[in-house]
Amino acid sequence: MDSPRAALARQTAEYFRGQFKTEPHVVVTAPGRVNLIGEHTDYNDGFVLPAAIDRATAIAASPRSDRNLVIHAQNLKSTMMLSLADLTPRRTGAWSNYVAGVAHFLRRRGDNLAGANMLINSTVPRGSGLSSSAALEVAAACTFISLNGLTIPDLDVIVLCQQAENEFVGVQCGIMDQFISYLGKKNHALRIDCRSLEFLQVPIPAGVRLLICDTAVRRSLASSEYNRRREECDAGVSVLSRHLPGILKLRDVSPGDLARCESFLDQTVYRRCRHVVTENARVEDSVRTLRAGDLSAFGQLMYESHRSLRVDYEVSCRELDMVVDICMESDGVLGARMTGAGFGGSVVCCVREEAVEVLAARLARDYPAISGRQPGIHVCSLEDGVAVEPR
Ligand code: ADP
Ligand code: MG
């Protein structure tokens, strides 16, 4: 039987033939991701621990003799035509901006791109926090690279995908999502140092699954509060640097240093800093416990992360807490926490394989009863990063 990725690639090639009446020259699949621990640490130059999941975005493509990109988004039943000679962002929110942005930044490097027919087909839910946007950017970049026979260092591809999202789409994301979609490894998470961009592959012991529960809450508050948290972290660094010479970001502050400086900081700023500093330490502890195969210790770190995000960083919400509470009361669950920026979005839960179905059924029954909302429940395994299949 096909793996989910292989089945997606095959289906995407079929849709491509139906749409363009020709054979694709390449099929690329790029996965979505979940961050296991290390939240709101990226912009503080800290550590994150994401993993690529078995939901992916596929692009099947073939070259065209003109200078146009004809792109069909299968999930949206929408076709767009872009000219490579005129790649400017379309209206805010247009899905084609993700692909156009990647093409734009490839061309800005000096790479010459030919026109292409492209069909996008995805199993990553959009807007659930599993990073369908980075999966689309990485798939698009690798499609252009393959069709045009380019050779570009991995990190440059990752950075230009992030640039596409920052500057073309207008979303201020960090680099984690593109990084993991590109370089993810089966049954592993990646511990990424957001300052140096060095990474370590961290094995996830056998016998567990990840369950992602989307609360179906989306809050517009998220972006203004996100900006405010960034400012609070910077305010913390500017006070702390008077007492801890040489620090540039909260990444450079240890929990002990911070505790000694408590009286110099505004109470709210202190709590924000405490979240970041302890969260960085939790990522490092997670790497150690996972390497030692100690899943219960790792699960406790996930619960502590959630508590810190709820109490110190104040980015959780009622519905995220409800899901974490249900997880905590369920058998076979090792740990759970909100994942993503917060104020809604998803909870990631690490659960023993034999308990995953019971947990999924319980969430499907209990969460709507207390929240009045329908959850999105995704049971995931951990997969490799982007795959390019020339045909
Ligand atoms: P997330 O990355 O958490 O899924 P975002 O809001 O960052 O959510 O990105 C979702 C957007 O990315 C969609 O609104 C759409 O514009 C684009 N996108 C993602 N997947 C697809 C797809 N399969 N086809 C077309 N556009 C997509
Ligand atoms: Mg996104």
# chains A, B, ... in the order shown; residues from 1 in each chain; ligands from 1
>>> residues_around(residues="segment 287-289 of chain A", least_positions_apart="5", cutoff="10 Å", atoms="only C-alpha atoms", output="list of chain:residue names")
A:Leu49, A:Ala189, A:Leu190, A:Arg191, A:Leu200, A:Gln201, A:Val202, A:Pro203, A:Ile204, A:Arg282, A:Asp294, A:Leu295, A:Ser296, A:Ala297, A:Phe298, A:Gly299, A:Leu301
>>> write_last_selection(atoms="C-alpha atoms", output="short mmCIF file (atom, residue, chain, number, x, y, z; two decimals), in the first residue's frame")
data_model
loop_
_atom_site.label_atom_id
_atom_site.label_comp_id
_atom_site.auth_asym_id
_atom_site.auth_seq_id
_atom_site.Cartn_x
_atom_site.Cartn_y
_atom_site.Cartn_z
CA LEU A 49 11.78 21.68 18.45
CA ALA A 189 12.19 16.32 15.58
CA LEU A 190 14.75 19.03 14.82
CA ARG A 191 16.16 21.19 17.56
CA LEU A 200 20.22 18.66 15.65
CA GLN A 201 18.08 15.66 14.75
CA VAL A 202 16.35 14.35 17.87
CA PRO A 203 14.86 10.85 17.70
CA ILE A 204 11.27 10.44 18.91
CA ARG A 282 12.76 23.25 28.50
CA ASP A 294 12.23 9.17 28.75
CA LEU A 295 8.83 10.05 27.31
CA SER A 296 7.14 10.76 30.62
CA ALA A 297 9.75 13.39 31.48
CA PHE A 298 9.30 14.92 28.01
CA GLY A 299 5.51 14.95 28.50
CA LEU A 301 7.97 19.45 30.00
#
>>> residues_around(residues="segment 217-220 of chain A", least_positions_apart="5", cutoff="7 Å", atoms="only C-alpha atoms", output="ChimeraX atom specification")
/A:343-345
>>> write_last_selection(atoms="all heavy atoms", output="mmCIF file, in the first residue's frame")
data_model
loop_
_atom_site.group_PDB
_atom_site.id
_atom_site.type_symbol
_atom_site.label_atom_id
_atom_site.label_comp_id
_atom_site.auth_asym_id
_atom_site.auth_seq_id
_atom_site.Cartn_x
_atom_site.Cartn_y
_atom_site.Cartn_z
ATOM 1 N N PHE A 343 -3.875 32.283 21.589
ATOM 2 C CA PHE A 343 -5.197 32.923 21.479
ATOM 3 C C PHE A 343 -6.134 32.119 20.578
ATOM 4 O O PHE A 343 -6.986 32.700 19.888
ATOM 5 C CB PHE A 343 -5.084 34.359 20.949
ATOM 6 C CG PHE A 343 -4.195 35.221 21.771
ATOM 7 C CD1 PHE A 343 -2.909 35.520 21.353
ATOM 8 C CD2 PHE A 343 -4.636 35.708 22.991
ATOM 9 C CE1 PHE A 343 -2.080 36.308 22.141
ATOM 10 C CE2 PHE A 343 -3.811 36.492 23.783
ATOM 11 C CZ PHE A 343 -2.536 36.788 23.352
ATOM 12 N N GLY A 344 -5.958 30.804 20.568
ATOM 13 C CA GLY A 344 -6.707 29.940 19.655
ATOM 14 C C GLY A 344 -5.703 29.092 18.907
ATOM 15 O O GLY A 344 -4.540 29.017 19.299
ATOM 16 N N GLY A 345 -6.164 28.424 17.838
ATOM 17 C CA GLY A 345 -5.264 27.516 17.131
ATOM 18 C C GLY A 345 -5.298 26.135 17.766
ATOM 19 O O GLY A 345 -6.337 25.711 18.268
#
>>> residues_near_ligand(ligand="ligand 1", cutoff="6 Å", atoms="only C-alpha atoms and all ligand atoms", output="compact mmCIF listing (two decimals) with C-alpha atoms, in the first residue's frame")
# COMPACT_ATOMS: atom_id res chain seq x y z
CA ALA A 73 -5.08 25.16 -6.61
CA ASN A 75 -8.28 22.35 -2.88
CA GLY A 93 -4.65 37.18 1.09
CA ALA A 94 -4.43 35.88 -2.48
CA TRP A 95 -3.09 32.32 -2.33
CA ILE A 120 -1.22 22.35 -6.03
CA ASN A 121 -2.92 19.66 -3.97
CA SER A 122 -2.64 19.42 -0.18
CA ARG A 126 -5.23 25.56 5.99
CA GLY A 127 -5.06 28.03 8.84
CA SER A 128 -4.93 25.39 11.61
CA GLY A 129 -1.39 26.18 12.65
CA LEU A 130 0.17 23.21 10.84
CA SER A 131 1.88 25.62 8.46
CA SER A 132 0.20 24.97 5.15
CA SER A 133 1.82 28.25 4.09
CA LEU A 136 3.33 25.61 -0.09
>>> residues_around(residues="Ile59 of chain A", least_positions_apart="3", cutoff="9 Å", atoms="only C-alpha atoms", output="count of residues only")
18
>>> residues_near_ligand(ligand="ligand 2", cutoff="12 Å", atoms="only C-alpha atoms and all ligand atoms", output="JSON, numbers by chain")
{"A": [32, 33, 34, 93, 95, 98, 124, 125, 126, 127, 128, 129, 130, 131, 132, 133, 134, 135, 136, 137, 138, 161, 162, 164, 165, 166, 169, 170, 171, 172, 173, 174, 175, 176, 177, 178, 181, 340, 341, 345]}
